[in-house]
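The next block holds one structure in the form of structure tokens; read it before the comments.
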Amino acid sequence: MSIIIVDENWLVKSVPELTIKDSHVTLKFLTPPKRIFRHGWHSWTLTSWLDPSVPPLTNRSSEFRLRDEDPSYALSNKHTSSWVGAVELEPDRILLIGALDLGGRLEFEFSSVTAFYESGDGEWLITFGSEDQVFSSYARSLSLKFGKTRFATPPRVWCSWYSLYRWIDQAAIKNILSGLDGLPFDVIQVDDGWQVAYGDWEPNQNFSFGMKKLASDIQSTGRRAGLWIAPFMASKKSALYHRHPDWLLRDENGKHVQVGLTWEGRPYALDTSHPELLEWLTKMIQTVRSWGISYLKLDFLYAGALPGKRYKNIPREQAYRNALQVVRDAAGDAYILACGAPIIPSLGLVDGLRIGPDVTPYWVNKPLAEWLNNPSEASSVNAIRTCLHRLWLNPIVHTDPDVAFFRSRYNDLSRVENQMLLDLGTISGFKSTSDLPQWLDDGQFEDLRQYLLVKAVTRKVGRYQYSINGRLVDFEPHVHFKRGLAAPIWFARNLGLIKIILRQVLPAVWESRLHPK
């Protein structure tokens with residue numbers, strides 16, 4: 001175990017960059033840091049600069065806590081960070097410590113930070129300088145260790161999720177294809193709702209023509225066909241769940257490990273170390289590729305790294321990365337976008353990476369986010385907050401902040417809020433939307449076309465400030481999480497789900513009834 005007293009003399013002599021190999025490294029400060037940088041475990045998990053004097057937020061709902069946090073540390077009374085953490089000693093004087101191997105975690109106390117590996121020793125990068133300097137240094141080291149995306153630029157994507165959600169069918173997609181004429185999308189991606197069940201990745205009755213025909217229809221428009229899959233989980237209604245119970249991850253008591261609340265109930269995690277599961281993954285991905293799918297959106301990937309008893313006694317993040325390597329090999333030259341994914345273990349194996357929670361056509365779901373202390377809940381403001389703190393990953397992987405909205409129909413975002421999402425997409429370079437063409441008037445259609453076509457000149461001018469073609473964009477008013485009413489959990493949960501039904505589900509159901517079958 002290495003213990004380092006951080007004072008001015010040590011900073012001058014030992015850094016700007018130092019690599020240490022150890023299972024535990026503790027940095028002790030003579031004065032408490034002004035701010036600490038906490039990095040979340042997977043795509044949706046809160047990532048932000050925090051006030052170290054304020055106790056950590058504990059997600060009050062167990063079903064959302066399981067989905068949005070690393071379960072091993074979700075109830076910790078210390079600020080806990082995954083792989084990388086940083087402290088602000090003075091304005092723009094940042095000391096960063098980051099793991100260069102899998103399984104790295106950090107715990108912050110009043111005037112110290114302890115970095116440790118869940119299993120064995122590993123390398124740590126310690127670097128000191130400005131915020132941009134230290135995160136660039138860490139990104140460079142990660143790239144050398146794990147690799148980076150193979151594509152020069154991210155694709156421009158139309159995705160079905162944020163308009164139709166699970167209420168999709170082949171007729172709807174075909175109508176949408178004709179309506180998107182004149183828009184320079186590279187990919188048309190069909191999201192959740194096409195499959196029989198989570199775990200049974202075959203087309204359901206709404207896609208009776210088959211996915212090969214759908215992919216062909218998309219390709220006939222000059223675009224690539226994309227498909228959503230959650231390869232590391234299975235729902236109870238799937239055939240896989242019943243046929244292969246030995247493929248399921250189990251806890252210390254032998255019970256199946258749930259992945260948290262989803263749009264298909266509470267699915268179960270698969271054991272990503274099981275050799276038969278890995279064989280199945282290879283065949284499943286190869287089948288999907290044989291349909292003509294060349295863009296894969298892989299979701300809920302954290303299920304492959306949840307704590308539990310595995311077939312092989314290997315660290316959970318190593319099991320995850322091994323399984324993701326199997327998927328990568330089977331996918332060939334397809335573009336892989338990872339969502340709900342453990343960040344560092346995914347690098348080098350995926351091309352795009354969701355870097356925040358899902359956006360919504362409203363600013364915040366207060367009952368689920370603020371009342372339950374869940375800054376990782378799907379809400380546009382939550383997405384903006386975490387995405388801003390992960391843009392430093394951009395040299396390694398395409399950073400996906402999620403979709404932007406151009407429609408006014410079924411959109412409760414204010415003009416300023418909507419612009420924040422557009423600006424974030426412009427800064428990240430990953431541009432996508434789910435707006436149905438029939439929801440756009442002529443002006444909105446043209447705004448979308450220009451958004452996809454124009455490459456803006458962007459420049460970071462502050463921690464939360466950017467210049468876009470000379471226009472100053474200030475995100476700072478939107479990055480601070482507001483703790484809300486401490487309402488009963490059942491009340492907050494149900495009220496929040498009602499908002500989802502009213503603002504997301506009902507418009508999707510209504511629209512699905514309108515298009516000709």
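Letters for chains follow the order of the structure tokens (A, B, ...), residue numbers begin at 1 for each chain, and ligand numbers begin at 1 in the order shown.
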Skipping near chain neighbours, those fewer than 6 positions away, what residues fall within 9 Å of A:Ser136 using only C-alpha atoms, listed as a PDB file with N, CA, C and O atoms, in the first residue's frame?
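Writing done, so here's around-v3.pdb:
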ATOM      1  N   TRP A 392     -14.197  14.490 -22.100  1.00  0.00           N
ATOM      2  CA  TRP A 392     -12.750  14.237 -22.202  1.00  0.00           C
ATOM      3  C   TRP A 392     -12.454  12.866 -22.826  1.00  0.00           C
ATOM      4  O   TRP A 392     -11.324  12.616 -23.273  1.00  0.00           O
ATOM      5  N   LEU A 393     -13.466  11.998 -22.885  1.00  0.00           N
ATOM      6  CA  LEU A 393     -13.292  10.678 -23.512  1.00  0.00           C
ATOM      7  C   LEU A 393     -13.263  10.740 -25.038  1.00  0.00           C
ATOM      8  O   LEU A 393     -12.928   9.745 -25.693  1.00  0.00           O
ATOM      9  N   PRO A 395     -11.358  11.747 -27.482  1.00  0.00           N
ATOM     10  CA  PRO A 395     -10.274  11.252 -28.334  1.00  0.00           C
ATOM     11  C   PRO A 395     -10.204   9.730 -28.440  1.00  0.00           C
ATOM     12  O   PRO A 395      -9.571   9.203 -29.357  1.00  0.00           O
TER      13      PRO A 395
END
Within 10 Å of stretch 241-264 of chain A, which residues of stretch 295-380 of chain A come that close, and what is the closest atom pair and distance in Å for each? Count only C-alpha atoms and give it as CSV.
residue,atom,partner,partner_atom,distance
A:Phe300,CA,A:Val259,CA,8.2
A:Leu301,CA,A:Val259,CA,9.9
A:Tyr302,CA,A:Val259,CA,8.3
A:Ala303,CA,A:Val259,CA,6.0
A:Gly304,CA,A:Leu249,CA,8.8
A:Ala305,CA,A:Leu249,CA,9.9
A:Leu306,CA,A:Val259,CA,8.1
A:Pro307,CA,A:Asp251,CA,7.5
A:Gly308,CA,A:Asp251,CA,4.6
A:Lys309,CA,A:Arg250,CA,5.4
A:Arg310,CA,A:Leu249,CA,6.3
A:Tyr311,CA,A:Trp247,CA,8.5
Selected residues, C-alpha atoms, written as a PDB file, in the first residue's frame, please.
ATOM      1  CA  PHE A 300     -27.877  -2.505 -20.371  1.00  0.00           C
ATOM      2  CA  LEU A 301     -24.337  -3.787 -20.727  1.00  0.00           C
ATOM      3  CA  TYR A 302     -23.606  -3.280 -17.033  1.00  0.00           C
ATOM      4  CA  ALA A 303     -25.597  -6.506 -16.478  1.00  0.00           C
ATOM      5  CA  GLY A 304     -22.489  -8.354 -17.626  1.00  0.00           C
ATOM      6  CA  ALA A 305     -20.389  -6.876 -14.814  1.00  0.00           C
ATOM      7  CA  LEU A 306     -22.757  -7.010 -11.835  1.00  0.00           C
ATOM      8  CA  PRO A 307     -21.481  -8.633  -8.625  1.00  0.00           C
ATOM      9  CA  GLY A 308     -22.322 -12.317  -8.296  1.00  0.00           C
ATOM     10  CA  LYS A 309     -21.097 -15.912  -8.408  1.00  0.00           C
ATOM     11  CA  ARG A 310     -19.803 -16.810 -11.845  1.00  0.00           C
ATOM     12  CA  TYR A 311     -19.003 -20.050 -13.657  1.00  0.00           C
TER      13      TYR A 311
END
**Message:** Residues near stretch 154-165 of chain A, anyone? I mean within 8 Å using only C-alpha atoms, not counting same-chain ones fewer than 3 positions away, as an MDAnalysis selection string.
**Reply:** chainID A and resid 151 168 184:193 352 360 398 403 429:436 452 504:505 507:509 511:512
Limited to N, CA and C atoms, could you put the picked residues into a file as an mmCIF file, in the first residue's frame?
data_model
loop_
_atom_site.group_PDB
_atom_site.id
_atom_site.type_symbol
_atom_site.label_atom_id
_atom_site.label_comp_id
_atom_site.auth_asym_id
_atom_site.auth_seq_id
_atom_site.Cartn_x
_atom_site.Cartn_y
_atom_site.Cartn_z
ATOM 1 N N PHE A 151 -13.360 4.210 -36.121
ATOM 2 C CA PHE A 151 -14.018 5.081 -37.089
ATOM 3 C C PHE A 151 -13.595 6.531 -36.865
ATOM 4 N N ILE A 168 -43.427 -0.183 -31.933
ATOM 5 C CA ILE A 168 -42.924 -0.094 -33.297
ATOM 6 C C ILE A 168 -43.341 -1.325 -34.084
ATOM 7 N N PRO A 184 -29.769 13.895 -44.239
ATOM 8 C CA PRO A 184 -28.518 13.126 -44.417
ATOM 9 C C PRO A 184 -28.167 12.237 -43.229
ATOM 10 N N PHE A 185 -29.047 11.305 -42.907
ATOM 11 C CA PHE A 185 -28.730 10.319 -41.876
ATOM 12 C C PHE A 185 -27.855 9.227 -42.479
ATOM 13 N N ASP A 186 -26.914 8.744 -41.674
ATOM 14 C CA ASP A 186 -26.079 7.622 -42.087
ATOM 15 C C ASP A 186 -26.670 6.291 -41.654
ATOM 16 N N VAL A 187 -27.426 6.309 -40.549
ATOM 17 C CA VAL A 187 -27.944 5.083 -39.945
ATOM 18 C C VAL A 187 -29.411 5.275 -39.581
ATOM 19 N N ILE A 188 -30.224 4.282 -39.866
ATOM 20 C CA ILE A 188 -31.586 4.188 -39.334
ATOM 21 C C ILE A 188 -31.582 3.010 -38.372
ATOM 22 N N GLN A 189 -31.798 3.309 -37.096
ATOM 23 C CA GLN A 189 -31.666 2.276 -36.066
ATOM 24 C C GLN A 189 -33.004 1.976 -35.390
ATOM 25 N N VAL A 190 -33.392 0.707 -35.433
ATOM 26 C CA VAL A 190 -34.604 0.230 -34.777
ATOM 27 C C VAL A 190 -34.256 -0.126 -33.340
ATOM 28 N N ASP A 191 -35.019 0.413 -32.407
ATOM 29 C CA ASP A 191 -34.701 0.228 -30.994
ATOM 30 C C ASP A 191 -35.574 -0.856 -30.366
ATOM 31 N N ASP A 192 -35.575 -0.912 -29.054
ATOM 32 C CA ASP A 192 -36.322 -1.888 -28.260
ATOM 33 C C ASP A 192 -37.771 -1.988 -28.745
ATOM 34 N N GLY A 193 -38.254 -3.220 -28.853
ATOM 35 C CA GLY A 193 -39.625 -3.463 -29.283
ATOM 36 C C GLY A 193 -39.735 -4.391 -30.478
ATOM 37 N N GLY A 352 -18.726 3.821 -30.277
ATOM 38 C CA GLY A 352 -19.429 4.920 -29.641
ATOM 39 C C GLY A 352 -19.845 4.509 -28.247
ATOM 40 N N THR A 360 -35.091 13.040 -22.188
ATOM 41 C CA THR A 360 -36.552 12.943 -22.209
ATOM 42 C C THR A 360 -37.110 14.203 -22.857
ATOM 43 N N HIS A 398 -16.250 7.698 -29.607
ATOM 44 C CA HIS A 398 -17.259 8.700 -29.947
ATOM 45 C C HIS A 398 -18.224 8.847 -28.777
ATOM 46 N N VAL A 403 -30.129 11.775 -28.006
ATOM 47 C CA VAL A 403 -30.760 12.478 -29.116
ATOM 48 C C VAL A 403 -31.044 13.943 -28.784
ATOM 49 N N GLY A 429 -20.176 16.005 -31.223
ATOM 50 C CA GLY A 429 -20.024 15.547 -32.602
ATOM 51 C C GLY A 429 -20.892 14.362 -32.957
ATOM 52 N N PHE A 430 -21.571 13.781 -31.955
ATOM 53 C CA PHE A 430 -22.451 12.634 -32.196
ATOM 54 C C PHE A 430 -23.882 13.170 -32.290
ATOM 55 N N LYS A 431 -24.434 13.141 -33.509
ATOM 56 C CA LYS A 431 -25.729 13.781 -33.753
ATOM 57 C C LYS A 431 -26.787 12.731 -34.070
ATOM 58 N N SER A 432 -27.893 12.798 -33.321
ATOM 59 C CA SER A 432 -28.972 11.840 -33.542
ATOM 60 C C SER A 432 -30.290 12.453 -33.112
ATOM 61 N N THR A 433 -31.361 11.881 -33.612
ATOM 62 C CA THR A 433 -32.702 12.281 -33.201
ATOM 63 C C THR A 433 -33.639 11.098 -33.382
ATOM 64 N N SER A 434 -34.824 11.208 -32.769
ATOM 65 C CA SER A 434 -35.879 10.214 -32.956
ATOM 66 C C SER A 434 -37.153 10.858 -33.487
ATOM 67 N N ASP A 435 -37.099 12.136 -33.815
ATOM 68 C CA ASP A 435 -38.306 12.835 -34.250
ATOM 69 C C ASP A 435 -38.896 12.186 -35.496
ATOM 70 N N LEU A 436 -40.200 11.925 -35.455
ATOM 71 C CA LEU A 436 -40.891 11.409 -36.633
ATOM 72 C C LEU A 436 -41.045 12.525 -37.658
ATOM 73 N N LEU A 452 -27.613 18.351 -39.103
ATOM 74 C CA LEU A 452 -26.887 17.174 -39.559
ATOM 75 C C LEU A 452 -25.776 17.525 -40.546
ATOM 76 N N GLN A 504 -44.540 10.134 -22.422
ATOM 77 C CA GLN A 504 -43.765 9.307 -23.341
ATOM 78 C C GLN A 504 -44.574 8.134 -23.906
ATOM 79 N N VAL A 505 -45.214 7.377 -23.034
ATOM 80 C CA VAL A 505 -45.905 6.176 -23.493
ATOM 81 C C VAL A 505 -47.146 6.510 -24.319
ATOM 82 N N PRO A 507 -48.163 9.217 -26.057
ATOM 83 C CA PRO A 507 -47.916 9.697 -27.425
ATOM 84 C C PRO A 507 -47.422 8.606 -28.363
ATOM 85 N N ALA A 508 -46.573 7.707 -27.842
ATOM 86 C CA ALA A 508 -46.067 6.624 -28.690
ATOM 87 C C ALA A 508 -47.180 5.656 -29.070
ATOM 88 N N VAL A 509 -48.025 5.305 -28.105
ATOM 89 C CA VAL A 509 -49.141 4.397 -28.382
ATOM 90 C C VAL A 509 -50.107 5.032 -29.375
ATOM 91 N N GLU A 511 -49.495 7.380 -31.608
ATOM 92 C CA GLU A 511 -48.888 7.476 -32.935
ATOM 93 C C GLU A 511 -48.865 6.110 -33.615
ATOM 94 N N SER A 512 -48.641 5.056 -32.847
ATOM 95 C CA SER A 512 -48.587 3.717 -33.434
ATOM 96 C C SER A 512 -49.938 3.294 -33.989
#
**Selection near A:Gly462, 12 Å with only C-alpha atoms, sequence-local residues under 2 positions removed, as a list in words** =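 So the residues in contact are Pro91, Asp92, Ser130, Glu131, Asp132, Leu388, Arg459, Lys460, Tyr464, Gln465, Tyr466, Ser467, Leu472, Val473, Asp474, Phe475 and Glu476 of chain A.
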Hey, can you spit out that residue selection with N, CA, C and O atoms as a short mmCIF file (atom, residue, chain, number, x, y, z; two decimals), in the first residue's frame?
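Saved file selection.cif follows:
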data_model
loop_
_atom_site.label_atom_id
_atom_site.label_comp_id
_atom_site.auth_asym_id
_atom_site.auth_seq_id
_atom_site.Cartn_x
_atom_site.Cartn_y
_atom_site.Cartn_z
N PRO A 91 -8.24 26.88 -7.90
CA PRO A 91 -8.88 26.98 -9.22
C PRO A 91 -7.95 26.54 -10.35
O PRO A 91 -6.85 27.06 -10.51
N ASP A 92 -8.39 25.53 -11.08
CA ASP A 92 -7.69 24.93 -12.22
C ASP A 92 -6.32 24.38 -11.85
O ASP A 92 -5.42 24.28 -12.69
N SER A 130 -3.71 21.67 -15.16
CA SER A 130 -5.05 22.21 -15.39
C SER A 130 -6.03 21.06 -15.62
O SER A 130 -5.61 19.92 -15.88
N GLU A 131 -7.31 21.35 -15.53
CA GLU A 131 -8.31 20.31 -15.71
C GLU A 131 -8.19 19.64 -17.07
O GLU A 131 -8.20 18.41 -17.19
N ASP A 132 -8.04 20.45 -18.11
CA ASP A 132 -7.94 19.89 -19.45
C ASP A 132 -6.67 19.06 -19.60
O ASP A 132 -6.67 18.00 -20.25
N LEU A 388 -21.45 16.36 -19.81
CA LEU A 388 -20.45 17.42 -19.81
C LEU A 388 -19.17 16.98 -19.12
O LEU A 388 -18.07 17.41 -19.48
N ARG A 459 -15.19 25.29 -29.27
CA ARG A 459 -14.00 25.48 -28.44
C ARG A 459 -14.42 25.57 -26.98
O ARG A 459 -15.37 26.28 -26.64
N LYS A 460 -13.72 24.84 -26.13
CA LYS A 460 -14.00 24.90 -24.70
C LYS A 460 -13.31 26.13 -24.13
O LYS A 460 -12.10 26.32 -24.31
N TYR A 464 -17.59 24.71 -17.87
CA TYR A 464 -18.93 24.46 -18.40
C TYR A 464 -19.31 25.42 -19.52
O TYR A 464 -20.48 25.53 -19.87
N GLN A 465 -18.32 26.11 -20.06
CA GLN A 465 -18.58 27.11 -21.10
C GLN A 465 -17.90 26.70 -22.41
O GLN A 465 -16.73 26.25 -22.39
N TYR A 466 -18.63 26.86 -23.51
CA TYR A 466 -18.11 26.53 -24.83
C TYR A 466 -18.47 27.65 -25.81
O TYR A 466 -19.47 28.36 -25.64
N SER A 467 -17.63 27.75 -26.82
CA SER A 467 -17.93 28.64 -27.94
C SER A 467 -18.32 27.78 -29.14
O SER A 467 -17.59 26.85 -29.50
N LEU A 472 -21.34 32.06 -27.31
CA LEU A 472 -21.00 31.49 -26.01
C LEU A 472 -22.17 30.67 -25.49
O LEU A 472 -23.31 31.13 -25.45
N VAL A 473 -21.87 29.44 -25.05
CA VAL A 473 -22.86 28.56 -24.45
C VAL A 473 -22.40 28.27 -23.02
O VAL A 473 -21.29 27.79 -22.82
N ASP A 474 -23.25 28.55 -22.05
CA ASP A 474 -22.91 28.35 -20.65
C ASP A 474 -23.85 27.31 -20.04
O ASP A 474 -25.03 27.56 -19.84
N PHE A 475 -23.30 26.14 -19.73
CA PHE A 475 -24.09 25.06 -19.15
C PHE A 475 -24.13 25.13 -17.62
O PHE A 475 -24.86 24.36 -16.99
N GLU A 476 -23.34 25.99 -17.01
CA GLU A 476 -23.16 25.95 -15.56
C GLU A 476 -24.46 26.02 -14.77
O GLU A 476 -24.60 25.32 -13.76
#
**Request:** Have a look at atom CA of A:Gly470 and atom CA of A:Gln450 and let me know their distance in Å, one decimal.
**Result:** 17.5 Å
Under the rule of at most 12 Å, produce a per-residue listing of stretch 115-163 of chain A near stretch 72-87 of chain A: chain, number, name, the closest pair of atoms, and the distance in Å, as JSON lines, using only C-alpha atoms.
{"residue": "A:Ala115", "atom": "CA", "partner": "A:Trp83", "partner_atom": "CA", "distance": 8.3}
{"residue": "A:Phe116", "atom": "CA", "partner": "A:Trp83", "partner_atom": "CA", "distance": 8.9}
{"residue": "A:Tyr117", "atom": "CA", "partner": "A:Trp83", "partner_atom": "CA", "distance": 8.8}
{"residue": "A:Glu118", "atom": "CA", "partner": "A:Ser72", "partner_atom": "CA", "distance": 10.4}
{"residue": "A:Gly122", "atom": "CA", "partner": "A:Trp83", "partner_atom": "CA", "distance": 11.1}
{"residue": "A:Glu123", "atom": "CA", "partner": "A:Trp83", "partner_atom": "CA", "distance": 10.9}
{"residue": "A:Trp124", "atom": "CA", "partner": "A:Val84", "partner_atom": "CA", "distance": 9.2}
{"residue": "A:Leu125", "atom": "CA", "partner": "A:Val84", "partner_atom": "CA", "distance": 9.2}
{"residue": "A:Ile126", "atom": "CA", "partner": "A:Ala86", "partner_atom": "CA", "distance": 9.4}
{"residue": "A:Thr127", "atom": "CA", "partner": "A:Ala86", "partner_atom": "CA", "distance": 9.4}
{"residue": "A:Phe128", "atom": "CA", "partner": "A:Ala86", "partner_atom": "CA", "distance": 9.4}
{"residue": "A:Gly129", "atom": "CA", "partner": "A:Val87", "partner_atom": "CA", "distance": 11.0}
{"residue": "A:Ser130", "atom": "CA", "partner": "A:Val87", "partner_atom": "CA", "distance": 11.2}
{"residue": "A:Glu131", "atom": "CA", "partner": "A:Ala86", "partner_atom": "CA", "distance": 9.1}
{"residue": "A:Asp132", "atom": "CA", "partner": "A:Ala86", "partner_atom": "CA", "distance": 12.0}
{"residue": "A:Val134", "atom": "CA", "partner": "A:Ala86", "partner_atom": "CA", "distance": 9.0}
{"residue": "A:Phe135", "atom": "CA", "partner": "A:Ala86", "partner_atom": "CA", "distance": 9.3}
{"residue": "A:Tyr138", "atom": "CA", "partner": "A:Val84", "partner_atom": "CA", "distance": 8.9}
{"residue": "A:Ala139", "atom": "CA", "partner": "A:Val84", "partner_atom": "CA", "distance": 10.8}
{"residue": "A:Leu142", "atom": "CA", "partner": "A:Trp83", "partner_atom": "CA", "distance": 10.9}
Just to be explicit: take each residue in the selection above, keep C-alpha atoms, and write the result as a compact mmCIF listing (two decimals), in the first residue's frame.
# COMPACT_ATOMS: atom_id res chain seq x y z
CA ALA A 115 -7.60 4.37 -4.74
CA PHE A 116 -7.82 0.59 -4.77
CA TYR A 117 -8.38 -2.40 -7.00
CA GLU A 118 -11.18 -4.85 -6.27
CA GLY A 122 -2.80 -2.57 -10.96
CA GLU A 123 -1.32 0.60 -12.40
CA TRP A 124 -2.39 4.10 -11.38
CA LEU A 125 -1.70 7.31 -13.25
CA ILE A 126 -1.24 10.38 -11.06
CA THR A 127 -1.09 13.67 -12.91
CA PHE A 128 -1.22 17.33 -11.92
CA GLY A 129 -2.06 20.44 -13.93
CA SER A 130 -5.05 22.21 -15.39
CA GLU A 131 -8.31 20.31 -15.71
CA ASP A 132 -7.94 19.89 -19.45
CA VAL A 134 -4.90 16.05 -16.52
CA PHE A 135 -7.92 14.53 -18.27
CA TYR A 138 -5.47 10.17 -18.61
CA ALA A 139 -7.32 9.71 -21.90
CA LEU A 142 -6.21 4.78 -21.54
**Message:** Which residues are near A:Val288? Cut-off 9 Å, only C-alpha atoms, ignore same chain within fewer than 4 positions. Put them as a PyMOL selection string.
**Reply:** chain A and resi 201-202+211-212+227+283-284+292-294+331
**Message:** I'd like to know which of A:Ile355, A:Ile500, A:Leu177, A:Leu240 is closest to A:Ser379, using only C-alpha atoms.
**Reply:**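 Of all the options, A:Ile500 lies closest to A:Ser379.
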**Item:** Surrounding residues of A:Leu57 excluding itself and chain neighbours under 4 positions, 12 Å, only C-alpha atoms, as JSON, numbers by chain
**Value:** {"A": [38, 46, 50, 51, 52, 61, 65, 69, 73, 74, 75, 76, 77, 78, 79, 80, 369, 370, 371, 372, 373, 374, 375, 376, 481, 482, 483, 484]}
**Request:** For A:Ser380, list every protein, DNA or RNA residue within 6 Å, evaluated using only C-alpha atoms, and leave out those in the same chain fewer than 3 positions away; present the list as an MDAnalysis selection string.
**Result:** chainID A and resid 359:360 363 383
**Request:** Report the residues of stretch 59-214 of chain A whose backbone DSSP state falls under strand (DSSP E or B), written as number ranges by chain.
**Result:** A: 79-82, 84-90, 93-99, 104-109, 112-117, 122-129, 157-159, 187-190, 195-197, 200-203
**Item:** Proximity to A:Val25 - best of A:Lys366, A:Ser111, A:Trp49, A:Asp121, only C-alpha atoms
**Value:**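 Using only C-alpha atoms, the shortest distance to A:Val25 belongs to A:Asp121.
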**Message:** I'd like to know which of A:His39, A:Arg93, A:Arg415, A:Arg321 is closest to A:Gln133, using only C-alpha atoms.
**Reply:**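 Closest residue, counting only C-alpha atoms: A:Arg93.
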**Asked** In stretch 133-377 of chain A, what's helix (DSSP H, G or I) per DSSP? Answer as a PyMOL selection string?
**Response** chain A and resi 133-146+161-164+170-179+205-207+211-219+239-243+245-247+275-290+301-305+316-331+343-346+366-369
**Asked** Looking at A:Arg316, A:Asp402, A:Ile343, A:Leu413, which one is nearest to A:Phe146, with distances taken over only C-alpha atoms?
**Response** A:Ile343
**Message:** Just checking: using only C-alpha atoms, which residue out of A:Gly179, A:Gly348, A:Pro315, A:Pro342 ends up closest to A:Asp299?
**Reply:**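 Going through A:Gly179, A:Gly348, A:Pro315, A:Pro342 one by one, the smallest distance to A:Asp299 is for A:Pro342.
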**Message:** Nearest residue to A:Gly147 out of A:Ile344, A:Phe405, A:Asn382, A:Leu485, using only C-alpha atoms?
**Reply:** A:Ile344
